[in-house]
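One structure below.
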Amino acid sequence: MKNIIALLLFTILFSCTDNNMMQPYDKAQKAAEINVKGYSNPDVLQLRLNGSPVAINGNTSYTNKIETQINFVLDEGETNELGIYNTQTGAQIVKYTINYSNFNDYKNLSFFNLPGIFLKTYAVKPQVNLGKVGFEFIFPNLGEFSGAPLTGVKGVLKRENGVVLAEFDNIGKDNFTTVKIYNFFSATAPVYLELYKPGTTEPYTGSNPIQVKIKQDIGANMIVIQEKMENGVWVVKGDIDVADYL
């Protein structure tokens, strides 16, 4: 009887072990969490995860402030795509490819979508006291047409007569600078931003001075500096003020 019981136990044990050996291991998985903080005006946007619309407060299209948290499971060896689309045109504005190894890089996604410009950052209008002017800058496409191999430039903001109003050590591609504030002096006079290589008084590319004419408004000004092509020549403009939308 003991031999029979021992044989049965051996058979059961061997059978279980053999089955486990034949079963493939489950793929490694990780829980992904993406915190989205964005803004769009006037375009209506839609977020899509692997082609499926993401609902925010029950809506699958949204404008103005866009904030949500997206949770999903990542399998090792697979990729997931998070896209932002213009719902009126159907055009994809940007796509993020997220996988098991890089998902921490996308834990916080920020964007600011305006006509003709998409910023991979979030903008908060700075507090500027009555009678003062505040400026912040960002240069998202630095080098696109000039070929300058820089990640940031130095900016010196001046009046038309050359008086320096503020200096910005590093106007970068990814985030707005810290706000610089001065006393308001004219409702009609423009100001000029001169752009240099960081830490120098040399133009950030070439040998000719690079000066951008900018309209100043009392209060906050959040200017997007852009390289553009006009009549076959690259120029630098500062005609988008994000503060107008906030």
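By convention in this document, the chains of the structure tokens carry letters A, B, ... by their order, each chain's residues are numbered from 1, and ligands are numbered from 1 in the order they are shown.
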Check which residues of segment 59-138 of chain A sit at most 8 Å from segment 220-228 of chain A using only C-alpha atoms, and return one row each with the closest pair of atoms and their distance in Å to one decimal, ordered by chain and rising number, as JSON lines.
{"residue": "A:Lys125", "atom": "CA", "partner": "A:Ala220", "partner_atom": "CA", "distance": 6.9}
{"residue": "A:Pro126", "atom": "CA", "partner": "A:Ala220", "partner_atom": "CA", "distance": 6.3}
{"residue": "A:Gln127", "atom": "CA", "partner": "A:Ala220", "partner_atom": "CA", "distance": 7.2}
{"residue": "A:Val128", "atom": "CA", "partner": "A:Ala220", "partner_atom": "CA", "distance": 6.0}
{"residue": "A:Val133", "atom": "CA", "partner": "A:Ala220", "partner_atom": "CA", "distance": 6.1}
{"residue": "A:Gly134", "atom": "CA", "partner": "A:Ala220", "partner_atom": "CA", "distance": 4.7}
{"residue": "A:Phe135", "atom": "CA", "partner": "A:Asn221", "partner_atom": "CA", "distance": 4.8}
{"residue": "A:Glu136", "atom": "CA", "partner": "A:Met222", "partner_atom": "CA", "distance": 4.8}
{"residue": "A:Phe137", "atom": "CA", "partner": "A:Ile223", "partner_atom": "CA", "distance": 4.9}
{"residue": "A:Ile138", "atom": "CA", "partner": "A:Val224", "partner_atom": "CA", "distance": 5.2}
Query - Point-to-point distance from atom CA of Asn104 of chain A to atom CA of Gly143 of chain A, Å rounded to tenths - result: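 Atom-to-atom, atom CA of Asn104 of chain A to atom CA of Gly143 of chain A, that is 28.0 Å.
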Report task. Would you list, as a count of residues only, the residues of chain A that end up in alpha helix (DSSP H) under DSSP run on this structure's backbone? Result -> 21
Requested in this report: Would you mind listing what lies within 12 Å of Gly162 of chain A as a list in words, with only C-alpha atoms counted and same-chain residues fewer than 2 positions away left out?
Outcome: Val156, Leu157, Lys158, Arg159, Glu160, Val164, Leu165, Ala166, Pro190, Val191, Tyr192, Leu193, Glu194 and Gln211 of chain A
Please write the residues from the selection above to a file, keeping all heavy atoms, as a tab-separated table (two decimals), in the first residue's frame.
chain	number	residue	atom	x	y	z
A	156	VAL	N	19.14	89.88	-24.51
A	156	VAL	CA	19.20	91.19	-23.87
A	156	VAL	C	18.05	92.02	-24.42
A	156	VAL	O	17.98	92.29	-25.62
A	156	VAL	CB	20.54	91.92	-24.13
A	156	VAL	CG1	20.54	93.28	-23.46
A	156	VAL	CG2	21.71	91.07	-23.63
A	157	LEU	N	17.13	92.40	-23.54
A	157	LEU	CA	15.95	93.16	-23.93
A	157	LEU	C	16.25	94.65	-23.76
A	157	LEU	O	16.65	95.10	-22.68
A	157	LEU	CB	14.76	92.76	-23.06
A	157	LEU	CG	13.38	93.24	-23.50
A	157	LEU	CD1	12.97	92.61	-24.83
A	157	LEU	CD2	12.34	92.92	-22.42
A	158	LYS	N	16.04	95.43	-24.85
A	158	LYS	CA	16.39	96.85	-24.83
A	158	LYS	C	15.25	97.72	-25.34
A	158	LYS	O	14.40	97.28	-26.12
A	158	LYS	CB	17.62	97.10	-25.72
A	158	LYS	CG	18.89	96.43	-25.27
A	158	LYS	CD	20.05	96.79	-26.20
A	158	LYS	CE	21.37	96.20	-25.74
A	158	LYS	NZ	22.48	96.59	-26.63
A	159	ARG	N	15.29	98.98	-24.90
A	159	ARG	CA	14.45	100.00	-25.51
A	159	ARG	C	15.05	100.40	-26.85
A	159	ARG	O	16.19	100.07	-27.17
A	159	ARG	CB	14.35	101.22	-24.59
A	159	ARG	CG	13.61	100.95	-23.29
A	159	ARG	CD	13.54	102.19	-22.41
A	159	ARG	NE	12.84	103.31	-23.04
A	159	ARG	CZ	12.36	104.35	-22.37
A	159	ARG	NH1	12.51	104.42	-21.05
A	159	ARG	NH2	11.74	105.32	-23.00
A	160	GLU	N	14.28	101.15	-27.62
A	160	GLU	CA	14.74	101.59	-28.94
A	160	GLU	C	15.99	102.45	-28.84
A	160	GLU	O	16.83	102.47	-29.76
A	160	GLU	CB	13.61	102.34	-29.64
A	160	GLU	CG	13.79	102.46	-31.14
A	160	GLU	CD	12.50	102.91	-31.83
A	160	GLU	OE1	11.57	103.38	-31.12
A	160	GLU	OE2	12.43	102.80	-33.05
A	164	VAL	N	19.07	99.09	-21.58
A	164	VAL	CA	18.80	97.69	-21.26
A	164	VAL	C	17.67	97.60	-20.23
A	164	VAL	O	17.73	98.23	-19.18
A	164	VAL	CB	20.07	96.99	-20.74
A	164	VAL	CG1	19.74	95.57	-20.27
A	164	VAL	CG2	21.16	96.96	-21.81
A	165	LEU	N	16.67	96.78	-20.56
A	165	LEU	CA	15.53	96.58	-19.67
A	165	LEU	C	15.68	95.31	-18.84
A	165	LEU	O	15.28	95.27	-17.67
A	165	LEU	CB	14.24	96.50	-20.48
A	165	LEU	CG	13.88	97.75	-21.27
A	165	LEU	CD1	12.77	97.45	-22.28
A	165	LEU	CD2	13.46	98.88	-20.33
A	166	ALA	N	16.22	94.27	-19.45
A	166	ALA	CA	16.38	92.99	-18.75
A	166	ALA	C	17.34	92.10	-19.53
A	166	ALA	O	17.48	92.25	-20.75
A	166	ALA	CB	15.04	92.29	-18.58
A	190	PRO	N	7.87	99.82	-29.21
A	190	PRO	CA	8.27	98.41	-29.14
A	190	PRO	C	9.54	98.25	-28.32
A	190	PRO	O	10.20	99.24	-27.97
A	190	PRO	CB	8.52	98.06	-30.61
A	190	PRO	CG	8.99	99.35	-31.21
A	190	PRO	CD	8.22	100.43	-30.49
A	191	VAL	N	9.89	97.02	-28.02
A	191	VAL	CA	11.18	96.71	-27.41
A	191	VAL	C	11.91	95.75	-28.34
A	191	VAL	O	11.32	95.17	-29.26
A	191	VAL	CB	11.02	96.11	-26.00
A	191	VAL	CG1	10.47	97.15	-25.04
A	191	VAL	CG2	10.11	94.88	-26.02
A	192	TYR	N	13.20	95.57	-28.10
A	192	TYR	CA	14.02	94.75	-29.00
A	192	TYR	C	14.81	93.73	-28.18
A	192	TYR	O	15.42	94.08	-27.16
A	192	TYR	CB	14.97	95.64	-29.80
A	192	TYR	CG	14.24	96.59	-30.72
A	192	TYR	CD1	13.79	97.83	-30.26
A	192	TYR	CD2	13.98	96.24	-32.05
A	192	TYR	CE1	13.10	98.69	-31.09
A	192	TYR	CE2	13.29	97.10	-32.89
A	192	TYR	CZ	12.85	98.32	-32.41
A	192	TYR	OH	12.16	99.17	-33.24
A	193	LEU	N	14.76	92.49	-28.63
A	193	LEU	CA	15.52	91.42	-27.97
A	193	LEU	C	16.71	91.06	-28.84
A	193	LEU	O	16.55	90.62	-29.98
A	193	LEU	CB	14.63	90.19	-27.76
A	193	LEU	CG	15.29	89.01	-27.03
A	193	LEU	CD1	15.53	89.37	-25.56
A	193	LEU	CD2	14.43	87.76	-27.13
A	194	GLU	N	17.91	91.27	-28.30
A	194	GLU	CA	19.12	90.89	-29.01
A	194	GLU	C	19.56	89.50	-28.52
A	194	GLU	O	19.54	89.22	-27.32
A	194	GLU	CB	20.22	91.93	-28.75
A	194	GLU	CG	19.86	93.30	-29.32
A	194	GLU	CD	20.93	94.35	-29.02
A	194	GLU	OE1	21.90	94.03	-28.30
A	194	GLU	OE2	20.78	95.49	-29.50
A	211	GLN	N	18.46	90.81	-33.93
A	211	GLN	CA	17.59	91.63	-33.09
A	211	GLN	C	16.13	91.34	-33.47
A	211	GLN	O	15.77	91.35	-34.64
A	211	GLN	CB	17.91	93.11	-33.30
A	211	GLN	CG	17.24	94.03	-32.30
A	211	GLN	CD	17.62	95.49	-32.56
A	211	GLN	OE1	17.22	96.07	-33.56
A	211	GLN	NE2	18.41	96.08	-31.65
Tell me, which residues of segment 45-158 of chain A carry DSSP strand (DSSP E or B), written as an mmCIF file with N, CA, C and O atoms, in the first residue's frame?
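The new file selection_8.cif reads:
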data_model
loop_
_atom_site.group_PDB
_atom_site.id
_atom_site.type_symbol
_atom_site.label_atom_id
_atom_site.label_comp_id
_atom_site.auth_asym_id
_atom_site.auth_seq_id
_atom_site.Cartn_x
_atom_site.Cartn_y
_atom_site.Cartn_z
ATOM 1 N N LEU A 45 -8.779 69.105 -29.369
ATOM 2 C CA LEU A 45 -7.838 67.998 -29.456
ATOM 3 C C LEU A 45 -8.443 66.693 -28.959
ATOM 4 O O LEU A 45 -9.475 66.669 -28.296
ATOM 5 N N GLN A 46 -7.745 65.605 -29.298
ATOM 6 C CA GLN A 46 -8.087 64.279 -28.789
ATOM 7 C C GLN A 46 -6.800 63.512 -28.513
ATOM 8 O O GLN A 46 -5.883 63.505 -29.336
ATOM 9 N N LEU A 47 -6.722 62.911 -27.341
ATOM 10 C CA LEU A 47 -5.622 62.012 -27.004
ATOM 11 C C LEU A 47 -6.044 60.593 -27.374
ATOM 12 O O LEU A 47 -7.183 60.191 -27.111
ATOM 13 N N ARG A 48 -5.108 59.834 -27.970
ATOM 14 C CA ARG A 48 -5.394 58.441 -28.320
ATOM 15 C C ARG A 48 -4.265 57.556 -27.834
ATOM 16 O O ARG A 48 -3.097 57.808 -28.138
ATOM 17 N N LEU A 49 -4.624 56.527 -27.064
ATOM 18 C CA LEU A 49 -3.661 55.536 -26.604
ATOM 19 C C LEU A 49 -3.837 54.276 -27.445
ATOM 20 O O LEU A 49 -4.903 53.648 -27.407
ATOM 21 N N SER A 52 -7.012 54.269 -29.454
ATOM 22 C CA SER A 52 -8.301 54.423 -28.767
ATOM 23 C C SER A 52 -8.381 55.783 -28.080
ATOM 24 O O SER A 52 -7.453 56.159 -27.345
ATOM 25 N N PRO A 53 -9.474 56.530 -28.292
ATOM 26 C CA PRO A 53 -9.604 57.851 -27.662
ATOM 27 C C PRO A 53 -9.570 57.761 -26.141
ATOM 28 O O PRO A 53 -10.107 56.816 -25.543
ATOM 29 N N ILE A 56 -11.818 62.250 -21.035
ATOM 30 C CA ILE A 56 -11.535 63.139 -19.912
ATOM 31 C C ILE A 56 -12.868 63.718 -19.460
ATOM 32 O O ILE A 56 -13.535 64.423 -20.222
ATOM 33 N N ASN A 59 -15.589 63.102 -21.875
ATOM 34 C CA ASN A 59 -15.468 63.667 -23.223
ATOM 35 C C ASN A 59 -14.235 63.099 -23.926
ATOM 36 O O ASN A 59 -13.178 62.934 -23.312
ATOM 37 N N TYR A 62 -11.490 67.805 -26.495
ATOM 38 C CA TYR A 62 -11.357 68.795 -25.433
ATOM 39 C C TYR A 62 -10.556 69.996 -25.930
ATOM 40 O O TYR A 62 -9.779 69.920 -26.880
ATOM 41 N N THR A 63 -10.769 71.124 -25.257
ATOM 42 C CA THR A 63 -10.054 72.356 -25.577
ATOM 43 C C THR A 63 -9.820 73.133 -24.289
ATOM 44 O O THR A 63 -10.293 72.740 -23.218
ATOM 45 N N ASN A 64 -9.060 74.239 -24.399
ATOM 46 C CA ASN A 64 -8.620 75.009 -23.232
ATOM 47 C C ASN A 64 -7.792 74.119 -22.302
ATOM 48 O O ASN A 64 -6.942 73.385 -22.768
ATOM 49 N N LYS A 65 -8.053 74.123 -21.007
ATOM 50 C CA LYS A 65 -7.236 73.332 -20.090
ATOM 51 C C LYS A 65 -7.527 71.842 -20.283
ATOM 52 O O LYS A 65 -8.691 71.415 -20.293
ATOM 53 N N ILE A 66 -6.467 71.053 -20.440
ATOM 54 C CA ILE A 66 -6.588 69.612 -20.670
ATOM 55 C C ILE A 66 -5.711 68.900 -19.653
ATOM 56 O O ILE A 66 -4.477 68.933 -19.746
ATOM 57 N N GLU A 67 -6.341 68.277 -18.668
ATOM 58 C CA GLU A 67 -5.586 67.601 -17.617
ATOM 59 C C GLU A 67 -6.217 66.256 -17.315
ATOM 60 O O GLU A 67 -7.438 66.153 -17.166
ATOM 61 N N THR A 68 -5.388 65.220 -17.232
ATOM 62 C CA THR A 68 -5.879 63.884 -16.907
ATOM 63 C C THR A 68 -4.708 63.001 -16.504
ATOM 64 O O THR A 68 -3.538 63.372 -16.663
ATOM 65 N N GLN A 69 -5.037 61.827 -15.997
ATOM 66 C CA GLN A 69 -4.036 60.806 -15.689
ATOM 67 C C GLN A 69 -4.407 59.548 -16.468
ATOM 68 O O GLN A 69 -5.547 59.082 -16.412
ATOM 69 N N ILE A 70 -3.439 59.002 -17.208
ATOM 70 C CA ILE A 70 -3.661 57.806 -18.016
ATOM 71 C C ILE A 70 -2.894 56.657 -17.374
ATOM 72 O O ILE A 70 -1.687 56.759 -17.136
ATOM 73 N N ASN A 71 -3.601 55.558 -17.083
ATOM 74 C CA ASN A 71 -2.982 54.383 -16.472
ATOM 75 C C ASN A 71 -3.161 53.176 -17.389
ATOM 76 O O ASN A 71 -4.259 52.931 -17.896
ATOM 77 N N PHE A 72 -2.091 52.434 -17.598
ATOM 78 C CA PHE A 72 -2.176 51.217 -18.395
ATOM 79 C C PHE A 72 -0.998 50.320 -18.042
ATOM 80 O O PHE A 72 -0.091 50.707 -17.299
ATOM 81 N N VAL A 73 -1.035 49.082 -18.575
ATOM 82 C CA VAL A 73 -0.003 48.086 -18.274
ATOM 83 C C VAL A 73 0.942 47.979 -19.466
ATOM 84 O O VAL A 73 0.510 47.887 -20.615
ATOM 85 N N LEU A 74 2.237 47.989 -19.168
ATOM 86 C CA LEU A 74 3.267 47.845 -20.192
ATOM 87 C C LEU A 74 3.842 46.442 -20.151
ATOM 88 O O LEU A 74 4.248 45.953 -19.090
ATOM 89 N N ASP A 75 3.866 45.768 -21.298
ATOM 90 C CA ASP A 75 4.504 44.460 -21.418
ATOM 91 C C ASP A 75 5.916 44.630 -21.964
ATOM 92 O O ASP A 75 6.142 45.417 -22.892
ATOM 93 N N THR A 79 5.512 48.034 -27.516
ATOM 94 C CA THR A 79 5.467 49.496 -27.475
ATOM 95 C C THR A 79 4.024 49.972 -27.461
ATOM 96 O O THR A 79 3.119 49.296 -27.964
ATOM 97 N N ASN A 80 3.821 51.136 -26.864
ATOM 98 C CA ASN A 80 2.512 51.772 -26.818
ATOM 99 C C ASN A 80 2.656 53.179 -27.382
ATOM 100 O O ASN A 80 3.660 53.850 -27.140
ATOM 101 N N GLU A 81 1.652 53.610 -28.107
ATOM 102 C CA GLU A 81 1.693 54.936 -28.715
ATOM 103 C C GLU A 81 0.605 55.827 -28.142
ATOM 104 O O GLU A 81 -0.569 55.453 -28.098
ATOM 105 N N LEU A 82 1.037 56.999 -27.690
ATOM 106 C CA LEU A 82 0.107 58.027 -27.235
ATOM 107 C C LEU A 82 0.203 59.180 -28.224
ATOM 108 O O LEU A 82 1.277 59.765 -28.392
ATOM 109 N N GLY A 83 -0.887 59.487 -28.894
ATOM 110 C CA GLY A 83 -0.895 60.550 -29.891
ATOM 111 C C GLY A 83 -1.842 61.663 -29.515
ATOM 112 O O GLY A 83 -2.823 61.452 -28.803
ATOM 113 N N ILE A 84 -1.528 62.859 -29.996
ATOM 114 C CA ILE A 84 -2.410 64.019 -29.834
ATOM 115 C C ILE A 84 -2.864 64.433 -31.222
ATOM 116 O O ILE A 84 -2.035 64.642 -32.112
ATOM 117 N N TYR A 85 -4.180 64.536 -31.402
ATOM 118 C CA TYR A 85 -4.764 64.788 -32.716
ATOM 119 C C TYR A 85 -5.646 66.028 -32.702
ATOM 120 O O TYR A 85 -6.289 66.345 -31.692
ATOM 121 N N ASN A 86 -5.683 66.712 -33.846
ATOM 122 C CA ASN A 86 -6.629 67.793 -34.083
ATOM 123 C C ASN A 86 -7.926 67.157 -34.562
ATOM 124 O O ASN A 86 -7.953 66.510 -35.605
ATOM 125 N N GLN A 92 -2.449 64.293 -36.968
ATOM 126 C CA GLN A 92 -1.689 63.992 -35.757
ATOM 127 C C GLN A 92 -0.710 65.135 -35.491
ATOM 128 O O GLN A 92 0.075 65.502 -36.350
ATOM 129 N N ILE A 93 -0.770 65.682 -34.296
ATOM 130 C CA ILE A 93 0.107 66.796 -33.936
ATOM 131 C C ILE A 93 1.435 66.288 -33.396
ATOM 132 O O ILE A 93 2.501 66.797 -33.752
ATOM 133 N N VAL A 94 1.358 65.280 -32.539
ATOM 134 C CA VAL A 94 2.577 64.725 -31.957
ATOM 135 C C VAL A 94 2.299 63.288 -31.526
ATOM 136 O O VAL A 94 1.148 62.925 -31.234
ATOM 137 N N LYS A 95 3.357 62.483 -31.510
ATOM 138 C CA LYS A 95 3.220 61.088 -31.082
ATOM 139 C C LYS A 95 4.342 60.746 -30.109
ATOM 140 O O LYS A 95 5.495 61.118 -30.322
ATOM 141 N N TYR A 96 3.985 60.043 -29.037
ATOM 142 C CA TYR A 96 4.955 59.572 -28.055
ATOM 143 C C TYR A 96 4.974 58.047 -28.097
ATOM 144 O O TYR A 96 3.924 57.404 -27.975
ATOM 145 N N THR A 97 6.144 57.455 -28.269
ATOM 146 C CA THR A 97 6.292 56.006 -28.280
ATOM 147 C C THR A 97 6.820 55.572 -26.922
ATOM 148 O O THR A 97 7.938 55.926 -26.526
ATOM 149 N N ILE A 98 6.004 54.818 -26.190
ATOM 150 C CA ILE A 98 6.281 54.486 -24.793
ATOM 151 C C ILE A 98 6.481 52.974 -24.680
ATOM 152 O O ILE A 98 5.682 52.189 -25.202
ATOM 153 N N ASN A 99 7.547 52.572 -24.007
ATOM 154 C CA ASN A 99 7.792 51.149 -23.834
ATOM 155 C C ASN A 99 8.235 50.835 -22.404
ATOM 156 O O ASN A 99 8.312 51.722 -21.549
ATOM 157 N N ASN A 108 5.313 62.575 -16.823
ATOM 158 C CA ASN A 108 4.632 63.869 -16.853
ATOM 159 C C ASN A 108 4.754 64.455 -18.259
ATOM 160 O O ASN A 108 5.865 64.726 -18.715
ATOM 161 N N LEU A 109 3.617 64.629 -18.930
ATOM 162 C CA LEU A 109 3.582 65.184 -20.278
ATOM 163 C C LEU A 109 2.860 66.526 -20.252
ATOM 164 O O LEU A 109 1.721 66.620 -19.795
ATOM 165 N N SER A 110 3.552 67.553 -20.724
ATOM 166 C CA SER A 110 2.964 68.885 -20.776
ATOM 167 C C SER A 110 2.997 69.397 -22.207
ATOM 168 O O SER A 110 3.919 69.090 -22.961
ATOM 169 N N PHE A 111 1.988 70.167 -22.580
ATOM 170 C CA PHE A 111 1.985 70.762 -23.917
ATOM 171 C C PHE A 111 1.130 72.023 -23.931
ATOM 172 O O PHE A 111 0.272 72.232 -23.066
ATOM 173 N N PHE A 112 1.390 72.841 -24.938
ATOM 174 C CA PHE A 112 0.647 74.086 -25.139
ATOM 175 C C PHE A 112 0.446 74.225 -26.643
ATOM 176 O O PHE A 112 1.412 74.375 -27.391
ATOM 177 N N ASN A 113 -0.792 74.131 -27.099
ATOM 178 C CA ASN A 113 -1.106 74.118 -28.527
ATOM 179 C C ASN A 113 -1.834 75.400 -28.938
ATOM 180 O O ASN A 113 -2.922 75.690 -28.448
ATOM 181 N N LEU A 114 -1.172 76.160 -29.839
ATOM 182 C CA LEU A 114 -1.750 77.406 -30.364
ATOM 183 C C LEU A 114 -1.681 77.358 -31.884
ATOM 184 O O LEU A 114 -0.979 76.514 -32.456
ATOM 185 N N ILE A 117 1.784 76.699 -33.668
ATOM 186 C CA ILE A 117 2.864 76.384 -32.740
ATOM 187 C C ILE A 117 2.394 75.336 -31.736
ATOM 188 O O ILE A 117 1.283 75.403 -31.224
ATOM 189 N N PHE A 118 3.246 74.336 -31.483
ATOM 190 C CA PHE A 118 2.991 73.328 -30.459
ATOM 191 C C PHE A 118 4.205 73.283 -29.552
ATOM 192 O O PHE A 118 5.320 72.985 -29.994
ATOM 193 N N LEU A 119 3.998 73.593 -28.272
ATOM 194 C CA LEU A 119 5.086 73.609 -27.299
ATOM 195 C C LEU A 119 4.979 72.398 -26.387
ATOM 196 O O LEU A 119 3.900 72.099 -25.877
ATOM 197 N N LYS A 132 3.605 97.589 -14.199
ATOM 198 C CA LYS A 132 4.855 96.899 -14.519
ATOM 199 C C LYS A 132 4.676 96.079 -15.800
ATOM 200 O O LYS A 132 3.576 95.762 -16.230
ATOM 201 N N VAL A 133 5.817 95.722 -16.394
ATOM 202 C CA VAL A 133 5.845 94.841 -17.559
ATOM 203 C C VAL A 133 6.731 93.652 -17.233
ATOM 204 O O VAL A 133 7.834 93.820 -16.701
ATOM 205 N N GLY A 134 6.244 92.462 -17.530
ATOM 206 C CA GLY A 134 7.030 91.256 -17.295
ATOM 207 C C GLY A 134 7.219 90.486 -18.594
ATOM 208 O O GLY A 134 6.283 90.373 -19.394
ATOM 209 N N PHE A 135 8.409 89.957 -18.817
ATOM 210 C CA PHE A 135 8.700 89.167 -20.013
ATOM 211 C C PHE A 135 9.263 87.802 -19.641
ATOM 212 O O PHE A 135 10.121 87.675 -18.766
ATOM 213 N N GLU A 136 8.756 86.799 -20.351
ATOM 214 C CA GLU A 136 9.337 85.458 -20.358
ATOM 215 C C GLU A 136 9.527 85.061 -21.813
ATOM 216 O O GLU A 136 8.761 85.484 -22.683
ATOM 217 N N PHE A 137 10.530 84.210 -22.078
ATOM 218 C CA PHE A 137 10.795 83.780 -23.452
ATOM 219 C C PHE A 137 11.032 82.276 -23.519
ATOM 220 O O PHE A 137 11.506 81.654 -22.558
ATOM 221 N N ILE A 138 10.733 81.720 -24.698
ATOM 222 C CA ILE A 138 11.074 80.345 -25.032
ATOM 223 C C ILE A 138 11.435 80.326 -26.514
ATOM 224 O O ILE A 138 10.884 81.112 -27.299
ATOM 225 N N GLY A 152 20.366 76.773 -26.193
ATOM 226 C CA GLY A 152 19.842 78.003 -25.621
ATOM 227 C C GLY A 152 20.657 79.191 -26.079
ATOM 228 O O GLY A 152 21.776 79.045 -26.594
ATOM 229 N N VAL A 153 20.099 80.385 -25.916
ATOM 230 C CA VAL A 153 20.795 81.623 -26.280
ATOM 231 C C VAL A 153 20.658 82.623 -25.141
ATOM 232 O O VAL A 153 19.761 82.528 -24.306
ATOM 233 N N LYS A 154 21.547 83.582 -25.137
ATOM 234 C CA LYS A 154 21.453 84.712 -24.209
ATOM 235 C C LYS A 154 20.599 85.796 -24.858
ATOM 236 O O LYS A 154 20.696 86.050 -26.069
ATOM 237 N N GLY A 155 19.730 86.417 -24.065
ATOM 238 C CA GLY A 155 18.885 87.483 -24.587
ATOM 239 C C GLY A 155 19.045 88.771 -23.797
ATOM 240 O O GLY A 155 19.099 88.740 -22.560
ATOM 241 N N VAL A 156 19.145 89.876 -24.512
ATOM 242 C CA VAL A 156 19.203 91.194 -23.869
ATOM 243 C C VAL A 156 18.047 92.020 -24.419
ATOM 244 O O VAL A 156 17.978 92.286 -25.619
ATOM 245 N N LEU A 157 17.133 92.395 -23.539
ATOM 246 C CA LEU A 157 15.948 93.165 -23.929
ATOM 247 C C LEU A 157 16.246 94.650 -23.761
ATOM 248 O O LEU A 157 16.653 95.095 -22.680
ATOM 249 N N LYS A 158 16.043 95.427 -24.852
ATOM 250 C CA LYS A 158 16.385 96.847 -24.833
ATOM 251 C C LYS A 158 15.246 97.720 -25.345
ATOM 252 O O LYS A 158 14.404 97.276 -26.121
#
Report task. Could you jot down the atom CA of Asn231 of chain A to atom CA of Lys120 of chain A separation for me, Å, one decimal place? Result ->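 About the pair atom CA of Asn231 of chain A and atom CA of Lys120 of chain A: they are 28.3 Å apart.
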Query raised in the report: Between A:Asn129, A:Thr121, A:Asn35, A:Thr151, which has the minimum distance to Phe103 of chain A (counting only C-alpha atoms)?
Result: A:Asn35
Query raised in the report: Between A:Gly116, A:Gly90, A:Gly238, A:Gly147, which is the closest to Val212 of chain A once you count only C-alpha atoms?
Result: A:Gly238
Report task. Please identify all polymer residues within 10 Å of Val233 of chain A, counting only C-alpha atoms, omitting same-chain residues fewer than 4 positions from it, and present them as a list of chain:residue names. Result -> A:Phe145, A:Ser146, A:Lys228, A:Met229
